[in-house]
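First up is the structure itself, then whatever we jot down about it.
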Amino acid sequence: MCFSQKQSYLHFIILFITSLYIKNKWQLSISLFFLALKDLIQGLSYYYINNKQILNILTSLSWIHITLQPFFVNLIYSYFDQKNINYWNKILLISFLYALYSITMLNEFDIQNDPDCIKINQYDDYCSTYTTSYIGKYHLGYKFSLDNRKNVFDVMKYYSILSFIPCLFTKSKYIAILWFIFVKLIMNKYHDVATGEQSAIWCYLSIIFALPISLFSDKIKQFL
């Protein structure tokens, strides 16, 4: 594997310290701390990989984290376009409402009692019978037991829309374009693994994009 428990903890420490270092830039600081929590969860998932009950809790937390990612991605974008605060407040509200609904699509939080989804193919980890994590080809992988996303609510479609589209109408559009390219490169490189492992790798490698943007935010704002 290319990733490990120790590396996940290292990423957590780096992101956490950096979030404290840039604490005056609260949008970036909070977002980095949020990303740090994901690496902590991944490290703990490695440690408890053989504990079914704890792994279920950690993977459920991973799902909550994934659903909240559009909110924090847009929070980062908003830092670079603070003149449009009303616009960003609306986008952040929509992203938060999206997260609240998406959380309930996991069977552990399913208050609507909607029908479960059916696997598209063998690589579809988002329609598993049980929410857990596993050791994949390169990294951890997630298996989520979700509602039928095609008939009820296509979580990942709206995840992508909220993560990339709103920013294109603002000064921060170049950051969104770079983020989209970065994500596509990751997905293309790790195309041979299931969706749950792709998601974990994407979360893990987000430090490569988020960290320099946060550390060099002043210079980036001048460019934009």
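Note on naming: chains are A, B, ... as they come in the structure tokens, residues start from 1 per chain, ligands start from 1 in the order shown.
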
Within 12 Å of A:Phe34 using only C-alpha atoms, minus same-chain residues under 3 positions, as a CSV table (one decimal) with N, CA, C and O atoms, in the first residue's frame:
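Result file follows (out19.csv):
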chain,number,residue,atom,x,y,z
A,12,PHE,N,-2.6,14.6,9.9
A,12,PHE,CA,-3.5,15.2,11.0
A,12,PHE,C,-2.7,16.3,11.7
A,12,PHE,O,-3.1,17.4,11.9
A,15,LEU,N,-1.8,19.4,9.4
A,15,LEU,CA,-3.0,20.2,9.2
A,15,LEU,C,-3.5,20.9,10.4
A,15,LEU,O,-3.9,22.1,10.4
A,16,PHE,N,-3.4,20.2,11.6
A,16,PHE,CA,-3.8,20.8,12.8
A,16,PHE,C,-2.9,22.0,13.2
A,16,PHE,O,-3.4,23.1,13.6
A,18,THR,N,-1.0,23.8,11.2
A,18,THR,CA,-1.2,24.8,10.3
A,18,THR,C,-2.5,25.6,10.5
A,18,THR,O,-2.5,26.8,10.4
A,19,SER,N,-3.5,24.9,10.9
A,19,SER,CA,-4.8,25.6,11.2
A,19,SER,C,-4.6,26.6,12.4
A,19,SER,O,-5.2,27.6,12.4
A,26,TRP,N,-9.9,32.8,9.6
A,26,TRP,CA,-10.8,31.7,10.2
A,26,TRP,C,-11.4,30.8,9.2
A,26,TRP,O,-11.6,29.6,9.5
A,27,GLN,N,-11.7,31.3,8.0
A,27,GLN,CA,-12.3,30.4,7.0
A,27,GLN,C,-11.4,29.3,6.6
A,27,GLN,O,-11.7,28.1,6.5
A,28,LEU,N,-10.1,29.6,6.5
A,28,LEU,CA,-9.1,28.7,6.1
A,28,LEU,C,-8.7,27.8,7.3
A,28,LEU,O,-8.5,26.6,7.2
A,29,SER,N,-8.6,28.4,8.5
A,29,SER,CA,-8.2,27.7,9.7
A,29,SER,C,-9.2,26.6,10.0
A,29,SER,O,-8.8,25.5,10.3
A,30,ILE,N,-10.4,27.0,10.0
A,30,ILE,CA,-11.5,26.0,10.4
A,30,ILE,C,-11.5,24.9,9.3
A,30,ILE,O,-11.7,23.7,9.7
A,31,SER,N,-11.3,25.2,8.1
A,31,SER,CA,-11.4,24.2,7.0
A,31,SER,C,-10.2,23.2,7.1
A,31,SER,O,-10.4,22.0,6.9
A,37,LEU,N,-9.3,16.4,10.9
A,37,LEU,CA,-10.1,15.4,11.6
A,37,LEU,C,-10.3,14.1,10.7
A,37,LEU,O,-10.3,13.0,11.2
A,38,LYS,N,-10.4,14.3,9.4
A,38,LYS,CA,-10.5,13.2,8.5
A,38,LYS,C,-9.3,12.3,8.5
A,38,LYS,O,-9.5,11.0,8.5
A,39,ASP,N,-8.1,12.9,8.6
A,39,ASP,CA,-6.9,12.0,8.6
A,39,ASP,C,-6.8,11.3,10.0
A,39,ASP,O,-6.3,10.2,10.1
A,40,LEU,N,-7.3,12.0,11.0
A,40,LEU,CA,-7.3,11.3,12.3
A,40,LEU,C,-8.3,10.1,12.3
A,40,LEU,O,-7.9,9.0,12.8
A,41,ILE,N,-9.4,10.3,11.7
A,41,ILE,CA,-10.4,9.2,11.6
A,41,ILE,C,-9.8,8.0,10.8
A,41,ILE,O,-9.9,6.9,11.1
A,62,SER,N,-16.9,9.1,9.0
A,62,SER,CA,-16.3,9.4,7.7
A,62,SER,C,-17.4,9.9,6.7
A,62,SER,O,-17.2,10.8,5.9
A,64,ILE,N,-20.3,11.3,7.5
A,64,ILE,CA,-20.6,12.7,8.0
A,64,ILE,C,-19.6,13.7,7.4
A,64,ILE,O,-20.0,14.8,6.9
A,65,HIS,N,-18.4,13.3,7.5
A,65,HIS,CA,-17.3,14.2,7.1
A,65,HIS,C,-17.4,14.5,5.5
A,65,HIS,O,-17.3,15.6,5.1
A,66,ILE,N,-17.7,13.4,4.8
A,66,ILE,CA,-17.8,13.5,3.3
A,66,ILE,C,-19.0,14.5,3.0
A,66,ILE,O,-18.8,15.3,2.1
A,68,LEU,N,-20.1,16.9,4.6
A,68,LEU,CA,-19.9,18.3,5.0
A,68,LEU,C,-18.8,18.9,4.1
A,68,LEU,O,-18.5,20.1,4.2
A,69,GLN,N,-18.1,18.1,3.3
A,69,GLN,CA,-17.0,18.7,2.6
A,69,GLN,C,-17.3,19.8,1.6
A,69,GLN,O,-16.6,20.8,1.5
A,70,PRO,N,-18.5,19.7,0.9
A,70,PRO,CA,-18.8,20.9,0.1
A,70,PRO,C,-19.0,22.2,0.8
A,70,PRO,O,-18.6,23.3,0.4
A,71,PHE,N,-19.5,22.1,2.1
A,71,PHE,CA,-19.6,23.3,2.9
A,71,PHE,C,-18.2,23.9,3.2
A,71,PHE,O,-18.0,25.1,3.0
A,72,PHE,N,-17.2,23.1,3.5
A,72,PHE,CA,-15.9,23.6,3.9
A,72,PHE,C,-15.1,24.0,2.6
A,72,PHE,O,-14.3,24.9,2.7
A,73,VAL,N,-15.3,23.3,1.5
A,73,VAL,CA,-14.7,23.7,0.3
A,73,VAL,C,-15.2,25.1,-0.1
A,73,VAL,O,-14.4,26.0,-0.5
A,75,LEU,N,-16.3,27.3,1.9
A,75,LEU,CA,-15.8,28.2,3.0
A,75,LEU,C,-14.4,28.7,2.6
A,75,LEU,O,-14.1,29.8,2.8
A,76,ILE,N,-13.6,27.8,2.0
A,76,ILE,CA,-12.3,28.1,1.5
A,76,ILE,C,-12.4,29.1,0.4
A,76,ILE,O,-11.7,30.1,0.3
A,203,CYS,N,-9.7,12.1,0.0
A,203,CYS,CA,-9.7,12.8,1.3
A,203,CYS,C,-8.3,12.9,1.8
A,203,CYS,O,-7.9,14.0,2.3
A,206,SER,N,-6.0,15.5,-0.1
A,206,SER,CA,-6.5,16.9,-0.2
A,206,SER,C,-5.5,17.8,0.4
A,206,SER,O,-5.5,19.0,0.1
A,207,ILE,N,-4.6,17.3,1.3
A,207,ILE,CA,-3.6,18.1,2.0
A,207,ILE,C,-2.7,18.8,0.9
A,207,ILE,O,-2.2,19.9,1.1
A,210,ALA,N,-5.0,21.8,-0.3
A,210,ALA,CA,-5.5,22.7,0.7
A,210,ALA,C,-4.3,23.4,1.4
A,210,ALA,O,-4.4,24.6,1.8

### Task
Using DSSP on the backbone coordinates, identify all residues within stretch 18-172 of chain A classified as strand (DSSP E or B); present the result as JSON, numbers by chain.
{"A": [106, 116, 127, 128, 129, 130, 131, 132, 133, 134, 135, 140, 141, 142, 143, 144, 145, 146, 147]}

#### Entry: Of the listed residues A:Ser133, A:Thr170, A:Ser199, A:Gln222, that which approaches A:Asn51 most closely, counting only C-alpha atoms
A:Ser133

Please provide as a CSV table (one decimal) with C-alpha atoms, in the first residue's frame all residues within 12 Å of A:Asn107, with the sequence filter that same-chain residues fewer than 2 positions apart are discarded (counting only C-alpha atoms).
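Final output, saved to result.csv:
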chain,number,residue,atom,x,y,z
A,56,ASN,CA,-18.7,1.1,12.0
A,60,SER,CA,-20.2,6.6,9.9
A,63,TRP,CA,-19.7,9.6,5.9
A,102,SER,CA,-27.2,13.4,3.0
A,103,ILE,CA,-26.2,12.2,6.5
A,104,THR,CA,-29.7,10.6,6.9
A,105,MET,CA,-29.1,8.5,3.7
A,109,PHE,CA,-29.0,7.7,10.5
A,110,ASP,CA,-31.9,6.8,8.3
A,111,ILE,CA,-34.9,8.6,9.8
A,112,GLN,CA,-36.9,8.4,6.6
A,113,ASN,CA,-36.7,4.6,6.3
A,114,ASP,CA,-36.1,4.9,2.6
A,115,PRO,CA,-35.3,1.7,0.5
A,116,ASP,CA,-31.6,0.7,0.3
A,117,CYS,CA,-29.7,1.2,-2.9
A,126,TYR,CA,-21.7,3.1,-1.7
A,127,CYS,CA,-24.3,0.4,-1.8
A,128,SER,CA,-22.9,-2.1,0.7
A,129,THR,CA,-24.9,-4.1,3.1
A,130,TYR,CA,-23.0,-2.8,6.1
A,131,THR,CA,-21.1,0.4,6.9
A,132,THR,CA,-17.5,-0.3,7.6
A,143,LYS,CA,-18.2,0.7,2.5
A,144,PHE,CA,-21.4,2.7,3.1
A,145,SER,CA,-24.9,1.3,3.5
A,146,LEU,CA,-27.0,4.0,1.8
A,147,ASP,CA,-30.5,4.7,0.7
A,148,ASN,CA,-31.3,4.3,-3.0

### Message
Just the number, please: distance in Å from atom CA of A:Tyr21 to atom CA of A:Ile220, one decimal.
### Response
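About the pair atom CA of A:Tyr21 and atom CA of A:Ile220: they are 17.7 Å apart.
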
### Query
Smallest atom-to-atom distance to A:Leu10: which of A:Gly43, A:Ile94, A:Glu197, A:Trp88, using only C-alpha atoms?
A:Gly43

### Message
Taking only C-alpha atoms into account, name the residue in A:Gln42, A:Asn121, A:Ser163, A:Ser172 that is nearest to A:Lys83.
### Response
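Checking each of A:Gln42, A:Asn121, A:Ser163, A:Ser172 against A:Lys83, counting only C-alpha atoms, the winner is A:Ser172.
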